[in-house]
$ cat work15.cif   # mmCIF, C-alpha atoms
data_my_file
#
loop_
_atom_site.label_atom_id
_atom_site.label_comp_id
_atom_site.auth_asym_id
_atom_site.auth_seq_id
_atom_site.Cartn_x
_atom_site.Cartn_y
_atom_site.Cartn_z
CA MET F 152 4.76 -16.73 -7.33
CA ASN F 153 6.27 -13.90 -5.27
CA LEU F 154 8.95 -11.53 -6.58
CA VAL F 155 11.52 -9.34 -4.83
CA GLN F 156 13.70 -6.56 -6.24
CA LEU F 157 17.15 -6.07 -4.77
CA LEU F 158 20.68 -4.84 -5.27
CA ASN F 159 23.53 -7.31 -5.11
CA THR F 160 26.64 -6.58 -3.04
CA LYS F 161 28.11 -4.67 -6.00
CA GLY F 162 25.05 -2.46 -6.40
CA LYS F 163 23.69 -4.28 -9.46
CA ARG F 164 19.90 -4.58 -9.76
CA GLN F 165 18.35 -8.04 -9.65
CA VAL F 166 14.93 -9.72 -9.41
CA ALA F 167 14.40 -12.90 -7.40
CA ALA F 168 11.45 -15.28 -7.32
CA ARG F 169 10.35 -17.18 -4.22
CA ILE F 170 10.46 -20.93 -4.73
CA GLY F 171 9.25 -22.46 -1.47
CA GLU F 172 11.54 -21.07 1.23
CA GLU F 173 14.26 -20.08 -1.25
CA PHE F 174 14.70 -17.16 -3.61
CA ARG F 175 16.25 -17.69 -7.03
CA LEU F 176 17.38 -14.97 -9.42
CA VAL F 177 15.37 -14.41 -12.59
CA LYS F 178 17.84 -14.65 -15.46
CA ARG F 179 18.57 -11.64 -17.69
CA THR F 180 16.28 -9.39 -15.61
CA ARG F 181 16.98 -6.13 -13.82
CA SER F 182 13.50 -5.02 -12.74
CA VAL F 183 9.89 -6.10 -12.24
CA LEU F 184 8.85 -3.27 -14.57
CA GLU F 185 10.94 -4.88 -17.31
CA LEU F 186 9.04 -8.14 -16.78
CA ALA F 187 5.71 -6.29 -16.87
CA HIS F 188 6.44 -4.58 -20.18
CA ALA F 189 7.64 -7.87 -21.67
CA ALA F 190 4.40 -9.57 -20.57
CA ILE F 191 2.25 -6.77 -22.02
CA GLU F 192 4.09 -6.93 -25.33
CA ALA F 193 3.80 -10.72 -25.49
CA GLY F 194 0.15 -10.75 -24.42
CA THR F 195 0.86 -13.09 -21.53
CA GLY F 196 1.53 -13.02 -17.78
CA ILE F 197 4.68 -12.20 -15.82
CA ALA F 198 5.00 -15.81 -14.61
CA ALA F 199 5.13 -16.98 -18.25
CA ILE F 200 7.91 -14.50 -19.02
CA ILE F 201 9.87 -15.74 -16.00
CA GLU F 202 9.45 -19.32 -17.15
CA ILE F 203 10.89 -18.40 -20.56
CA ARG F 204 13.84 -16.52 -19.06
CA GLY F 205 14.50 -19.15 -16.43
CA LEU F 206 15.73 -19.07 -12.86
CA GLY F 207 19.35 -18.98 -11.78
CA LYS F 208 21.22 -19.36 -8.50
CA THR F 209 19.71 -18.87 -5.07
CA VAL F 210 20.17 -15.55 -3.29
CA ASP F 211 20.26 -14.74 0.42
CA ILE F 212 17.30 -12.36 0.73
CA ALA F 213 17.57 -12.23 4.53
CA ALA F 214 21.12 -10.89 4.22
CA ALA F 215 20.04 -8.39 1.56
CA TYR F 216 17.24 -7.18 3.86
CA SER F 217 19.53 -6.74 6.87
CA GLU F 218 22.07 -4.90 4.72
CA GLY F 219 19.50 -2.49 3.29
CA ARG F 220 19.65 -3.83 -0.27
CA LEU F 221 15.97 -4.61 -0.82
CA LEU F 222 14.01 -2.29 -3.15
CA PRO F 223 10.28 -1.63 -3.43
CA PRO F 224 8.59 -4.33 -5.55
CA ILE F 225 8.10 -1.80 -8.38
CA ASP F 226 10.05 1.34 -9.29
CA THR F 227 11.31 3.27 -12.30
CA HIS F 228 14.07 5.71 -13.25
CA ASP F 229 11.56 8.60 -13.26
CA PRO F 230 9.64 8.69 -9.94
CA ALA F 231 7.28 11.38 -11.26
CA HIS F 232 5.57 8.63 -13.25
CA ILE F 233 4.65 6.65 -10.12
CA HIS F 234 1.31 7.59 -8.53
CA LEU F 235 0.70 6.77 -4.86
CA THR F 236 -3.02 6.73 -4.03
CA GLY F 237 -5.50 4.93 -1.83
CA THR F 238 -9.02 4.40 -0.56
CA GLY F 239 -10.47 4.59 2.94
CA LEU F 240 -13.50 3.31 4.85
CA THR F 241 -13.32 0.02 2.94
CA HIS F 242 -12.69 -2.50 5.72
CA LEU F 243 -15.15 -4.10 8.14
CA GLY F 244 -12.73 -4.69 11.00
CA SER F 245 -13.17 -7.47 13.51
CA ALA F 246 -16.46 -9.32 13.87
CA ALA F 247 -17.30 -7.42 17.07
CA THR F 248 -16.48 -4.06 15.50
CA ARG F 249 -18.46 -4.99 12.41
CA ASP F 250 -21.56 -5.93 14.38
CA ALA F 251 -21.40 -2.77 16.47
CA MET F 252 -20.91 -0.66 13.35
CA HIS F 253 -23.84 -2.31 11.60
CA ARG F 254 -26.14 -1.74 14.54
CA LYS F 255 -25.03 1.86 14.91
CA ILE F 256 -25.59 2.85 11.30
CA GLY F 257 -28.48 0.51 10.65
CA ASP F 258 -30.63 2.03 13.39
CA ALA F 259 -29.45 5.62 13.05
CA LYS F 260 -31.28 8.33 11.18
CA GLU F 261 -29.43 9.76 8.17
CA GLU F 262 -29.13 13.24 9.68
CA THR F 263 -27.36 11.90 12.80
CA LEU F 264 -24.54 10.16 10.91
CA THR F 265 -21.15 11.76 10.32
CA ASP F 266 -19.91 12.02 6.74
CA SER F 267 -17.51 9.14 7.44
CA MET F 268 -20.30 6.91 8.72
CA LYS F 269 -22.44 7.78 5.71
CA MET F 270 -19.55 6.79 3.43
CA PHE F 271 -19.06 3.54 5.32
CA ARG F 272 -22.75 2.68 5.02
CA MET F 273 -22.68 3.42 1.29
CA GLY F 274 -19.88 0.88 0.96
CA LEU F 275 -21.78 -1.73 2.94
CA GLU F 276 -24.85 -1.28 0.77
CA GLU F 277 -23.31 -0.83 -2.67
CA GLY F 278 -19.57 -1.62 -2.50
CA LYS F 279 -19.98 -5.17 -3.78
CA PRO F 280 -22.22 -4.84 -6.84
CA LYS F 281 -23.63 -7.72 -8.83
CA LYS F 282 -21.69 -8.78 -11.91
CA GLY F 283 -21.98 -6.25 -14.68
CA LYS F 284 -23.04 -3.46 -12.32
CA THR F 285 -21.03 -0.49 -11.01
CA GLY F 286 -20.78 -0.10 -7.26
CA VAL F 287 -20.60 3.07 -5.19
CA GLN F 288 -17.33 5.00 -5.32
CA PRO F 289 -15.17 4.94 -2.16
CA GLU F 290 -13.34 7.64 -0.31
CA TRP F 291 -10.17 8.34 -2.33
CA PHE F 292 -6.91 10.11 -1.50
CA TYR F 293 -3.60 11.07 -3.09
CA LYS F 294 -0.30 10.44 -1.28
CA GLY F 295 2.29 11.65 -3.76
CA ASN F 296 4.58 10.39 -6.48
CA GLY F 297 7.45 7.91 -6.55
CA SER F 298 9.77 10.31 -4.73
CA MET F 299 7.78 9.40 -1.60
CA LEU F 300 8.04 5.63 -2.12
CA THR F 301 10.14 3.98 0.60
CA GLY F 302 11.71 0.54 0.31
CA PRO F 303 11.68 -2.24 2.91
CA GLY F 304 14.09 -1.48 5.73
CA GLN F 305 14.43 2.17 4.78
CA ALA F 306 13.38 5.02 7.08
CA LEU F 307 9.91 6.52 6.80
CA LEU F 308 10.50 10.27 6.99
CA SER F 309 8.03 12.35 8.97
CA PRO F 310 8.21 16.11 8.32
CA ALA F 311 9.09 18.36 11.24
CA PHE F 312 5.71 20.13 10.98
CA ALA F 313 3.74 16.88 11.40
CA ASP F 314 1.52 16.38 14.45
CA ASP F 315 1.83 12.60 14.33
CA ALA F 316 3.55 9.80 12.41
CA GLY F 317 1.39 6.70 12.44
CA GLU F 318 1.33 3.40 10.56
CA GLU F 319 -1.53 1.97 8.51
CA PRO F 320 -1.15 -1.73 7.59
CA GLU F 321 -2.63 -2.17 4.13
CA ILE F 322 -2.57 -4.15 0.91
CA ALA F 323 -1.47 -2.29 -2.22
CA GLY F 324 -2.31 -3.16 -5.80
CA ILE F 325 0.57 -2.60 -8.26
CA TYR F 326 -0.34 -1.48 -11.79
CA VAL F 327 1.32 -0.47 -15.06
CA ILE F 328 -0.45 1.39 -17.86
CA GLY F 329 0.10 -0.21 -21.26
CA PRO F 330 0.92 1.57 -24.54
CA ASP F 331 -2.77 1.90 -25.44
CA GLY F 332 -3.77 3.28 -22.04
CA SER F 333 -5.02 -0.01 -20.61
CA PRO F 334 -4.26 -0.69 -16.92
CA PHE F 335 -2.49 -3.97 -16.10
CA ARG F 336 -2.32 -5.33 -12.56
CA LEU F 337 1.01 -6.96 -11.70
CA GLY F 338 -0.07 -8.15 -8.27
CA PHE F 339 -0.25 -7.12 -4.64
CA ALA F 340 2.14 -6.21 -1.82
CA LEU F 341 2.07 -5.23 1.83
CA ALA F 342 2.05 -1.49 2.43
CA ASN F 343 2.48 0.93 5.29
CA GLU F 344 0.24 3.85 4.34
CA PHE F 345 2.00 6.20 6.76
CA SER F 346 -0.24 9.12 7.84
CA ASP F 347 -0.73 11.99 10.30
CA HIS F 348 -3.81 10.95 12.28
CA VAL F 349 -3.67 13.83 14.77
CA MET F 350 -3.93 16.32 11.92
CA GLU F 351 -6.77 14.36 10.35
CA ARG F 352 -8.71 14.34 13.62
CA VAL F 353 -8.72 18.16 13.79
CA ASN F 354 -11.11 18.20 10.83
CA TYR F 355 -11.90 15.55 8.23
CA LEU F 356 -11.18 18.17 5.55
CA TYR F 357 -7.55 17.90 6.65
CA LEU F 358 -7.47 14.32 5.31
CA ALA F 359 -5.66 15.47 2.16
CA HIS F 360 -2.92 17.13 4.23
CA SER F 361 -2.59 14.13 6.55
CA LYS F 362 -1.95 11.75 3.63
CA LEU F 363 0.88 13.73 1.99
CA ARG F 364 3.56 11.58 3.58
CA PRO F 365 5.90 8.81 2.40
CA CYS F 366 4.70 5.23 2.31
CA SER F 367 6.51 1.91 2.18
CA VAL F 368 5.66 -1.13 0.06
CA GLY F 369 6.97 -4.70 -0.12
CA PRO F 370 9.18 -6.60 0.18
CA GLU F 371 7.37 -9.29 -1.85
CA LEU F 372 5.04 -8.86 -4.82
CA ILE F 373 2.35 -11.54 -5.08
CA LEU F 374 1.49 -12.29 -8.69
CA GLY F 375 -2.11 -13.21 -9.47
CA ASP F 376 -5.26 -12.65 -7.44
CA LEU F 377 -5.43 -11.37 -3.89
CA PRO F 378 -6.39 -13.99 -1.28
CA ALA F 379 -9.94 -13.37 -0.08
CA ASP F 380 -9.04 -13.65 3.62
CA ILE F 381 -5.78 -12.07 4.75
CA ARG F 382 -4.79 -12.21 8.41
CA GLY F 383 -1.70 -10.38 9.54
CA THR F 384 -0.06 -8.56 12.42
CA SER F 385 0.98 -4.94 12.81
CA ARG F 386 3.45 -3.96 15.54
CA ILE F 387 5.71 -1.18 16.75
CA THR F 388 9.01 -1.81 18.49
CA ARG F 389 11.00 0.69 20.53
CA LYS F 390 14.59 -0.13 21.48
CA ASN F 391 13.97 -3.75 20.46
CA LYS F 392 10.88 -4.07 22.67
CA THR F 393 7.34 -4.39 21.31
CA ILE F 394 5.24 -1.46 22.58
CA TRP F 395 2.13 -2.25 20.54
CA GLU F 396 0.88 -5.21 18.51
CA LYS F 397 -2.47 -6.04 16.96
CA PRO F 398 -3.87 -8.38 14.29
CA PHE F 399 -5.35 -6.93 11.12
CA LEU F 400 -7.70 -8.34 8.50
CA SER F 401 -7.86 -7.65 4.78
CA GLY F 402 -8.97 -9.30 1.56
CA GLU F 403 -12.48 -9.08 0.13
CA ASP F 404 -13.97 -11.30 2.85
CA ASN F 405 -13.13 -8.52 5.30
CA MET F 406 -13.98 -5.55 3.09
CA SER F 407 -17.12 -3.63 2.18
CA HIS F 408 -15.93 -3.16 -1.41
CA THR F 409 -14.63 -5.56 -4.02
CA ILE F 410 -11.14 -5.01 -5.40
CA GLU F 411 -12.72 -4.73 -8.85
CA ASN F 412 -14.96 -1.88 -7.69
CA LEU F 413 -12.08 0.01 -6.09
CA GLU F 414 -9.97 -0.44 -9.22
CA TYR F 415 -12.76 0.78 -11.47
CA HIS F 416 -13.27 3.99 -9.53
CA HIS F 417 -9.56 4.77 -9.69
CA PHE F 418 -8.91 4.00 -13.33
CA LYS F 419 -12.15 5.49 -14.64
CA TYR F 420 -10.25 8.79 -14.73
CA SER F 421 -8.25 9.18 -17.94
CA VAL F 422 -5.46 11.02 -16.11
CA PHE F 423 -4.67 7.69 -14.43
CA ARG F 424 -4.43 5.85 -17.75
CA GLN F 425 -1.35 7.50 -19.21
CA PRO F 426 0.89 4.99 -21.06
CA GLY F 427 3.95 3.95 -19.10
CA ASP F 428 2.76 5.24 -15.71
CA ILE F 429 2.93 3.10 -12.57
CA HIS F 430 0.20 3.08 -9.91
CA ILE F 431 0.51 1.89 -6.33
CA HIS F 432 -3.03 1.95 -4.95
CA MET F 433 -3.68 1.14 -1.28
CA PHE F 434 -6.99 -0.43 -0.32
CA GLY F 435 -7.47 0.74 3.27
CA THR F 436 -7.30 -0.70 6.78
CA ALA F 437 -9.23 -1.04 10.03
CA THR F 438 -6.27 -1.32 12.45
CA LEU F 439 -4.28 1.65 13.79
CA SER F 440 -2.03 2.06 16.83
CA PHE F 441 -3.33 5.65 16.98
CA ALA F 442 -6.76 4.31 17.95
CA ASP F 443 -5.12 2.75 21.02
CA GLY F 444 -3.43 5.97 22.10
CA ILE F 445 0.05 5.10 20.81
CA LYS F 446 2.32 7.97 19.72
CA PRO F 447 5.31 6.68 17.69
CA GLU F 448 8.67 8.27 18.38
CA ASN F 449 11.80 8.89 16.36
CA GLY F 450 13.64 5.57 15.98
CA ASP F 451 10.60 3.33 16.50
CA VAL F 452 10.24 0.49 14.00
CA PHE F 453 6.97 -0.36 12.23
CA GLU F 454 6.52 -4.00 11.21
CA ILE F 455 3.65 -5.38 9.14
CA GLU F 456 3.43 -9.08 8.30
CA ALA F 457 0.98 -11.55 6.80
CA PRO F 458 1.86 -15.16 5.92
CA ALA F 459 0.62 -14.89 2.33
CA PHE F 460 3.09 -12.08 1.67
CA GLY F 461 6.21 -13.80 2.96
CA LEU F 462 8.75 -11.40 4.41
CA PRO F 463 7.50 -8.68 6.78
CA LEU F 464 7.55 -5.02 5.81
CA ARG F 465 9.80 -3.26 8.31
CA ASN F 466 10.65 0.46 8.48
CA PRO F 467 12.13 2.71 11.16
CA LEU F 468 10.59 6.12 11.81
CA LYS F 469 12.78 9.18 11.29
CA VAL F 470 11.55 12.68 12.12
CA GLU F 471 13.10 15.28 9.84
CA LYS F 472 14.71 18.46 11.16
CA PRO F 473 12.83 21.73 10.64
CA SER F 474 13.62 23.57 7.43
CA LYS F 475 12.41 26.73 5.76
CA VAL F 476 10.98 26.88 2.25
CA LYS F 477 11.64 30.12 0.42
CA ILE F 478 9.37 31.14 -2.42
CA THR F 479 11.10 33.25 -5.05
CA ALA F 480 9.20 35.49 -7.44
CA LEU F 481 10.47 35.53 -11.02
#

$ encode --input "work15.cif" --output "structure tokens"
Amino acid sequence: MNLVQLLNTKGKRQVAARIGEEFRLVKRTRSVLELAHAAIEAGTGIAAIIEIRGLGKTVDIAAAYSEGRLLPPIDTHDPAHIHLTGTGLTHLGSAATRDAMHRKIGDAKEETLTDSMKMFRMGLEEGKPKKGKTGVQPEWFYKGNGSMLTGPGQALLSPAFADDAGEEPEIAGIYVIGPDGSPFRLGFALANEFSDHVMERVNYLYLAHSKLRPCSVGPELILGDLPADIRGTSRITRKNKTIWEKPFLSGEDNMSHTIENLEYHHFKYSVFRQPGDIHIHMFGTATLSFADGIKPENGDVFEIEAPAFGLPLRNPLKVEKPSKVKITAL
């Protein structure tokens, strides 16, 4: 089952469930978070809560999307309690890229590898541990809190000081922390882990700076497990013309880490197990327009789609105007 959050034409919050090609409203429900808390309290799943509440009339999600009424698949009234994070160097890429990468790092001496290549090799060797074992920890980064979460169709804001504004087509896990500090996974959604790749290329220690940007997630939340083999397309359009398009792969069949291993190394930290908090954790990618020499411009539209996730994630790029920040001593 896939879920979508939206506003109706009067600005009232609603949740709709995909039934085949249609979307039907979930009765007596205003948010996915409400469903998650109800499921935790009842000791069951979100789908079971939806079955109890029932489905109502159909809703025109295409119209809601075009009118800017779709919301991220998870949100809350206090964005400071949403954590946006992710992992890198987790994907194998295409078969040709994978073989070339394996040969390069398999034959190379340790001292000749970059830190990134060492991290990638660690994932290949120990990112999918045997049952009951703990795998190697991945590269990890922080993107911000819920104030930087952008909904489907909304503009991704690039700061005036940025060197670049590039897309990263990814899968995000959506989590809620229960009253006792236990993490609960609601499901998965498409994500655009928007980053500054030019800044990152200056020095890998600038990775933290390059990631402090908005990101977009949605529109649909897939309940249950992530498909093992995800095949999608990432594209950029400029003035209604496609200037770049490329397939991307995700899912564990195309990754050097298991989802379970990536989840463990995020939630092993107690700071990420605070009751009531929401986590949107992105699992990485191997496909970037930046790698093909593309420089997105103000007004370009990023589009990420994969059949398993239903509706595409679409966001225009907006470059903010320069502004000064004044620090006042008290």

$ closest_residue --input "work15.cif" --among "F:Ile325, F:Ala199, F:Ala340, F:Ile170" --to "F:Met152" --atoms "only C-alpha atoms"
F:Ile170

$ resolve_selection --input "work15.cif" --expression "the PyMOL selection byres ((chain F and resi 458) around 10)" --output "MDAnalysis selection string"
chainID F and resid 381:384 456:457 459:463

$ write_last_selection --input "work15.cif" --atoms "C-alpha atoms" --output "PDB file, in the coordinates of the input"
ATOM      1  CA  ILE F 381      -5.780 -12.070   4.750  1.00  0.00           C
ATOM      2  CA  ARG F 382      -4.790 -12.210   8.410  1.00  0.00           C
ATOM      3  CA  GLY F 383      -1.700 -10.380   9.540  1.00  0.00           C
ATOM      4  CA  THR F 384      -0.060  -8.560  12.420  1.00  0.00           C
ATOM      5  CA  GLU F 456       3.430  -9.080   8.300  1.00  0.00           C
ATOM      6  CA  ALA F 457       0.980 -11.550   6.800  1.00  0.00           C
ATOM      7  CA  ALA F 459       0.620 -14.890   2.330  1.00  0.00           C
ATOM      8  CA  PHE F 460       3.090 -12.080   1.670  1.00  0.00           C
ATOM      9  CA  GLY F 461       6.210 -13.800   2.960  1.00  0.00           C
ATOM     10  CA  LEU F 462       8.750 -11.400   4.410  1.00  0.00           C
ATOM     11  CA  PRO F 463       7.500  -8.680   6.780  1.00  0.00           C
TER      12      PRO F 463
END

$ resolve_selection --input "work15.cif" --expression "the PyMOL selection byres ((chain F and resi 364) around 7)" --output "NGL selection string"
:F and (294 or 345-346 or 362-363 or 365-366)

$ atom_distance --input "work15.cif" --atom1 "atom CA of F:Thr393" --atom2 "atom CA of F:Ala442"
16.9 Å

$ closest_residue --input "work15.cif" --among "F:Ala342, F:Lys281, F:Ser401, F:Phe335" --to "F:Pro378" --atoms "only C-alpha atoms"
F:Ser401

$ residues_around --input "work15.cif" --residues "F:Leu222" --least-positions-apart "4" --cutoff "8 Å" --atoms "all atoms listed in the file" --output "PDB file with C-alpha atoms, keeping the file's coordinate frame"
ATOM      1  CA  VAL F 155      11.520  -9.340  -4.830  1.00  0.00           C
ATOM      2  CA  GLN F 156      13.700  -6.560  -6.240  1.00  0.00           C
ATOM      3  CA  LEU F 157      17.150  -6.070  -4.770  1.00  0.00           C
ATOM      4  CA  LEU F 158      20.680  -4.840  -5.270  1.00  0.00           C
ATOM      5  CA  GLY F 302      11.710   0.540   0.310  1.00  0.00           C
ATOM      6  CA  PRO F 303      11.680  -2.240   2.910  1.00  0.00           C
ATOM      7  CA  PRO F 370       9.180  -6.600   0.180  1.00  0.00           C
TER       8      PRO F 370
END

$ closest_residue --input "work15.cif" --among "F:Tyr415, F:Phe423, F:Tyr326, F:Phe292" --to "F:Gly435" --atoms "only C-alpha atoms"
F:Phe292
